[in-house]
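Asker: File follows, work_34.cif with mmCIF, N, CA and C atoms:
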data_my_file
#
loop_
_atom_site.label_atom_id
_atom_site.label_comp_id
_atom_site.auth_asym_id
_atom_site.auth_seq_id
_atom_site.Cartn_x
_atom_site.Cartn_y
_atom_site.Cartn_z
N HIS N 1319 115.81 114.49 177.38
CA HIS N 1319 115.17 115.60 178.07
C HIS N 1319 116.20 116.25 178.98
N GLU N 1320 116.26 117.54 178.87
CA GLU N 1320 117.21 118.30 179.69
C GLU N 1320 116.44 119.11 180.72
N ILE N 1321 116.94 119.11 181.93
CA ILE N 1321 116.32 119.89 183.01
C ILE N 1321 117.10 121.18 183.17
N LEU N 1322 116.42 122.29 183.04
CA LEU N 1322 117.06 123.59 183.18
C LEU N 1322 116.54 124.27 184.44
N PRO N 1323 117.44 124.78 185.27
CA PRO N 1323 116.98 125.48 186.48
C PRO N 1323 116.35 126.82 186.13
N GLU N 1324 115.29 127.13 186.80
CA GLU N 1324 114.63 128.42 186.62
C GLU N 1324 114.41 129.03 187.98
N GLN N 1325 114.68 130.31 188.06
CA GLN N 1325 114.45 131.01 189.32
C GLN N 1325 113.01 131.50 189.34
N HIS N 1326 112.34 131.26 190.46
CA HIS N 1326 110.93 131.64 190.57
C HIS N 1326 110.71 132.26 191.94
N PHE N 1327 110.07 133.40 191.96
CA PHE N 1327 109.76 134.07 193.22
C PHE N 1327 108.26 134.02 193.45
N THR N 1328 107.87 133.62 194.63
CA THR N 1328 106.44 133.62 194.95
C THR N 1328 106.00 135.04 195.28
N GLN N 1329 104.75 135.31 195.06
CA GLN N 1329 104.19 136.62 195.35
C GLN N 1329 103.31 136.53 196.59
N PRO N 1330 103.40 137.53 197.46
CA PRO N 1330 102.51 137.52 198.62
C PRO N 1330 101.07 137.75 198.16
N PRO N 1331 100.10 137.35 198.97
CA PRO N 1331 98.72 137.62 198.59
C PRO N 1331 98.47 139.12 198.50
N ALA N 1332 97.51 139.49 197.68
CA ALA N 1332 97.17 140.91 197.54
C ALA N 1332 96.68 141.46 198.87
N ARG N 1333 96.99 142.72 199.13
CA ARG N 1333 96.50 143.37 200.34
C ARG N 1333 95.00 143.57 200.22
N PHE N 1334 94.33 143.54 201.37
CA PHE N 1334 92.88 143.70 201.39
C PHE N 1334 92.47 145.15 201.19
N SER N 1335 91.43 145.34 200.40
CA SER N 1335 90.69 146.60 200.44
C SER N 1335 89.65 146.41 201.55
N GLU N 1336 88.95 147.47 201.89
CA GLU N 1336 87.91 147.32 202.93
C GLU N 1336 86.85 146.32 202.48
N ALA N 1337 86.45 146.38 201.22
CA ALA N 1337 85.42 145.46 200.72
C ALA N 1337 85.92 144.02 200.74
N MET N 1338 87.18 143.81 200.38
CA MET N 1338 87.74 142.46 200.40
C MET N 1338 87.81 141.92 201.83
N LEU N 1339 88.13 142.80 202.80
CA LEU N 1339 88.19 142.37 204.19
C LEU N 1339 86.81 141.97 204.69
N VAL N 1340 85.80 142.75 204.35
CA VAL N 1340 84.43 142.42 204.75
C VAL N 1340 84.03 141.06 204.17
N LYS N 1341 84.35 140.82 202.91
CA LYS N 1341 84.04 139.53 202.28
C LYS N 1341 84.75 138.39 203.01
N GLU N 1342 86.02 138.59 203.38
CA GLU N 1342 86.77 137.55 204.10
C GLU N 1342 86.18 137.31 205.48
N LEU N 1343 85.77 138.38 206.17
CA LEU N 1343 85.13 138.23 207.48
C LEU N 1343 83.86 137.40 207.35
N GLU N 1344 83.06 137.71 206.31
CA GLU N 1344 81.83 136.94 206.07
C GLU N 1344 82.15 135.47 205.81
N ASP N 1345 83.12 135.23 204.93
CA ASP N 1345 83.48 133.85 204.57
C ASP N 1345 83.98 133.06 205.76
N LYS N 1346 84.69 133.72 206.68
CA LYS N 1346 85.26 133.04 207.85
C LYS N 1346 84.29 133.00 209.03
N GLY N 1347 83.14 133.66 208.89
CA GLY N 1347 82.16 133.68 209.97
C GLY N 1347 82.56 134.55 211.14
N VAL N 1348 83.35 135.58 210.87
CA VAL N 1348 83.80 136.49 211.93
C VAL N 1348 82.88 137.71 211.94
N GLY N 1349 82.33 138.04 213.09
CA GLY N 1349 81.48 139.21 213.21
C GLY N 1349 80.13 139.02 212.54
N ARG N 1350 79.40 140.11 212.49
CA ARG N 1350 78.09 140.16 211.86
C ARG N 1350 78.10 141.39 210.95
N PRO N 1351 77.19 141.47 210.00
CA PRO N 1351 77.17 142.65 209.14
C PRO N 1351 77.13 143.96 209.92
N SER N 1352 76.49 143.95 211.08
CA SER N 1352 76.41 145.19 211.87
C SER N 1352 77.74 145.54 212.54
N THR N 1353 78.69 144.61 212.59
CA THR N 1353 79.97 144.88 213.27
C THR N 1353 81.14 145.08 212.31
N TYR N 1354 80.95 144.85 211.02
CA TYR N 1354 82.07 144.95 210.08
C TYR N 1354 82.68 146.35 210.06
N ALA N 1355 81.86 147.39 210.04
CA ALA N 1355 82.39 148.76 210.02
C ALA N 1355 83.18 149.05 211.29
N ALA N 1356 82.69 148.56 212.43
CA ALA N 1356 83.39 148.78 213.70
C ALA N 1356 84.73 148.06 213.71
N ILE N 1357 84.79 146.86 213.17
CA ILE N 1357 86.05 146.11 213.12
C ILE N 1357 87.08 146.89 212.31
N ILE N 1358 86.68 147.38 211.15
CA ILE N 1358 87.59 148.15 210.30
C ILE N 1358 88.01 149.43 211.00
N SER N 1359 87.08 150.11 211.66
CA SER N 1359 87.41 151.34 212.40
C SER N 1359 88.45 151.08 213.47
N VAL N 1360 88.29 150.00 214.21
CA VAL N 1360 89.22 149.69 215.31
C VAL N 1360 90.63 149.44 214.77
N ILE N 1361 90.77 148.64 213.72
CA ILE N 1361 92.13 148.36 213.25
C ILE N 1361 92.79 149.60 212.65
N LYS N 1362 91.98 150.52 212.11
CA LYS N 1362 92.53 151.79 211.61
C LYS N 1362 92.85 152.73 212.76
N ASP N 1363 91.92 152.89 213.70
CA ASP N 1363 92.10 153.82 214.82
C ASP N 1363 93.29 153.43 215.70
N ARG N 1364 93.54 152.14 215.82
CA ARG N 1364 94.67 151.67 216.64
C ARG N 1364 95.97 151.61 215.84
N ASP N 1365 95.93 152.10 214.61
CA ASP N 1365 97.11 152.14 213.73
C ASP N 1365 97.71 150.77 213.45
N TYR N 1366 96.86 149.75 213.36
CA TYR N 1366 97.33 148.42 212.97
C TYR N 1366 97.53 148.34 211.46
N VAL N 1367 96.82 149.21 210.71
CA VAL N 1367 96.94 149.26 209.26
C VAL N 1367 97.00 150.71 208.80
N GLN N 1368 97.53 150.88 207.59
CA GLN N 1368 97.55 152.17 206.91
C GLN N 1368 96.94 151.95 205.53
N ASN N 1369 96.26 152.95 205.02
CA ASN N 1369 95.70 152.84 203.68
C ASN N 1369 96.73 153.32 202.66
N LEU N 1370 97.10 152.44 201.75
CA LEU N 1370 97.99 152.78 200.65
C LEU N 1370 97.31 152.33 199.36
N ASP N 1371 97.04 153.28 198.48
CA ASP N 1371 96.36 152.98 197.21
C ASP N 1371 95.07 152.19 197.43
N ARG N 1372 94.28 152.62 198.41
CA ARG N 1372 92.99 152.02 198.75
C ARG N 1372 93.10 150.57 199.20
N ARG N 1373 94.26 150.18 199.64
CA ARG N 1373 94.49 148.85 200.21
C ARG N 1373 95.03 149.03 201.62
N MET N 1374 94.71 148.10 202.50
CA MET N 1374 95.16 148.19 203.88
C MET N 1374 96.52 147.50 204.01
N GLN N 1375 97.51 148.29 204.37
CA GLN N 1375 98.88 147.81 204.54
C GLN N 1375 99.16 147.71 206.04
N PRO N 1376 99.61 146.55 206.52
CA PRO N 1376 99.91 146.47 207.96
C PRO N 1376 101.00 147.47 208.35
N SER N 1377 100.82 148.10 209.49
CA SER N 1377 101.84 149.01 210.02
C SER N 1377 102.85 148.19 210.81
N GLU N 1378 103.92 148.85 211.25
CA GLU N 1378 104.90 148.17 212.10
C GLU N 1378 104.21 147.61 213.34
N LEU N 1379 103.33 148.42 213.95
CA LEU N 1379 102.58 147.97 215.12
C LEU N 1379 101.70 146.77 214.77
N GLY N 1380 101.07 146.81 213.61
CA GLY N 1380 100.23 145.70 213.17
C GLY N 1380 101.02 144.41 213.04
N PHE N 1381 102.24 144.49 212.49
CA PHE N 1381 103.09 143.31 212.38
C PHE N 1381 103.48 142.79 213.77
N LEU N 1382 103.80 143.70 214.69
CA LEU N 1382 104.18 143.28 216.05
C LEU N 1382 103.02 142.59 216.76
N ILE N 1383 101.83 143.17 216.66
CA ILE N 1383 100.65 142.57 217.28
C ILE N 1383 100.38 141.19 216.68
N ASN N 1384 100.47 141.09 215.36
CA ASN N 1384 100.25 139.80 214.70
C ASN N 1384 101.25 138.76 215.20
N ASP N 1385 102.52 139.13 215.27
CA ASP N 1385 103.54 138.19 215.74
C ASP N 1385 103.26 137.72 217.16
N LEU N 1386 102.85 138.64 218.03
CA LEU N 1386 102.53 138.26 219.41
C LEU N 1386 101.34 137.30 219.47
N LEU N 1387 100.33 137.57 218.66
CA LEU N 1387 99.15 136.70 218.65
C LEU N 1387 99.48 135.31 218.10
N VAL N 1388 100.32 135.25 217.08
CA VAL N 1388 100.69 133.96 216.50
C VAL N 1388 101.51 133.15 217.50
N GLU N 1389 102.41 133.80 218.23
CA GLU N 1389 103.25 133.11 219.20
C GLU N 1389 102.44 132.55 220.36
N ASN N 1390 101.38 133.24 220.75
CA ASN N 1390 100.61 132.83 221.92
C ASN N 1390 99.27 132.30 221.48
#
Re-express the file's structure as structure tokens.
Answerer:
Amino acid sequence: HEILPEQHFTQPPARFSEAMLVKELEDKGVGRPSTYAAIISVIKDRDYVQNLDRRMQPSELGFLINDLLVEN
């Protein structure tokens, strides 16, 4: 048996659509159905995400905020 090296790149998880984010919020027990729209509005209004091809892409500000929250 011969072992051959293979290069493999992992793929990041798919970006959330609004519907996927609502499903994840439900699954994690975050918020209530009456607050899901407000949560999405806040992250968009504060420019934490941008919509690209109907998916939410973190903005530079969104990455910075995430890093600060993870550190603390």
Asker: Run the PyMOL selection byres (((chain N and resi 1362-1368 and name CA) around 9) and name CA) mentally over the shown coordinates, then write out the matched residues as a PyMOL selection string, using the chain letters and numbers from the document.
Answerer: chain N and resi 1357-1361+1369-1370+1373-1381+1383
Asker: Report as a tab-separated table (two decimals) with N, CA and C atoms, in the coordinates of the input the full result of the PyMOL selection byres ((chain N and resi 1335) around 5) when it is applied to this structure.
Answerer:
chain	number	residue	atom	x	y	z
N	1333	ARG	N	96.99	142.72	199.13
N	1333	ARG	CA	96.50	143.37	200.34
N	1333	ARG	C	95.00	143.57	200.22
N	1334	PHE	N	94.33	143.54	201.37
N	1334	PHE	CA	92.88	143.70	201.39
N	1334	PHE	C	92.47	145.15	201.19
N	1336	GLU	N	88.95	147.47	201.89
N	1336	GLU	CA	87.91	147.32	202.93
N	1336	GLU	C	86.85	146.32	202.48
N	1337	ALA	N	86.45	146.38	201.22
N	1337	ALA	CA	85.42	145.46	200.72
N	1337	ALA	C	85.92	144.02	200.74
N	1338	MET	N	87.18	143.81	200.38
N	1338	MET	CA	87.74	142.46	200.40
N	1338	MET	C	87.81	141.92	201.83
N	1339	LEU	N	88.13	142.80	202.80
N	1339	LEU	CA	88.19	142.37	204.19
N	1339	LEU	C	86.81	141.97	204.69
N	1372	ARG	N	94.28	152.62	198.41
N	1372	ARG	CA	92.99	152.02	198.75
N	1372	ARG	C	93.10	150.57	199.20
N	1373	ARG	N	94.26	150.18	199.64
N	1373	ARG	CA	94.49	148.85	200.21
N	1373	ARG	C	95.03	149.03	201.62
N	1374	MET	N	94.71	148.10	202.50
N	1374	MET	CA	95.16	148.19	203.88
N	1374	MET	C	96.52	147.50	204.01
Asker: Going by DSSP on the backbone, which bits of chain N are strand (DSSP E)? Write them as a PyMOL selection string, please.
Answerer: chain N and resi 1367-1370+1373-1376
Asker: To one decimal in Å, tell me the separation between atom CA of Gln1329 of chain N and atom CA of Val1348 of chain N.
Answerer: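 One can read the atom CA of Gln1329 of chain N to atom CA of Val1348 of chain N distance as 26.3 Å.
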Asker: Hey, can you check how far atom N of Val1388 of chain N sits from atom N of Gly1347 of chain N?
Answerer: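 The value is 19.1 Å.
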Asker: What is the distance, in Å and to one decimal place, between atom N of Ala1332 of chain N and atom N of Asp1371 of chain N?
Answerer: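 These atoms are spaced 13.8 Å apart.
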Asker: For the structure I just gave you, how does DSSP split segment 1346-1377 of chain N - specifically, which residues are helix (DSSP H, G or I)? Reply as a PyMOL selection string.
Answerer: chain N and resi 1346+1354-1363
Asker: Give the centre and edge lengths of an axis-aligned box, in Å to one decimal, that holds all listed atoms of segment 1341-1359 of chain N with 5 Å on each side, as JSON.
Answerer:
{"center_x": 82.4, "center_y": 142.2, "center_z": 208.0, "size_x": 22.0, "size_y": 28.3, "size_z": 21.4}
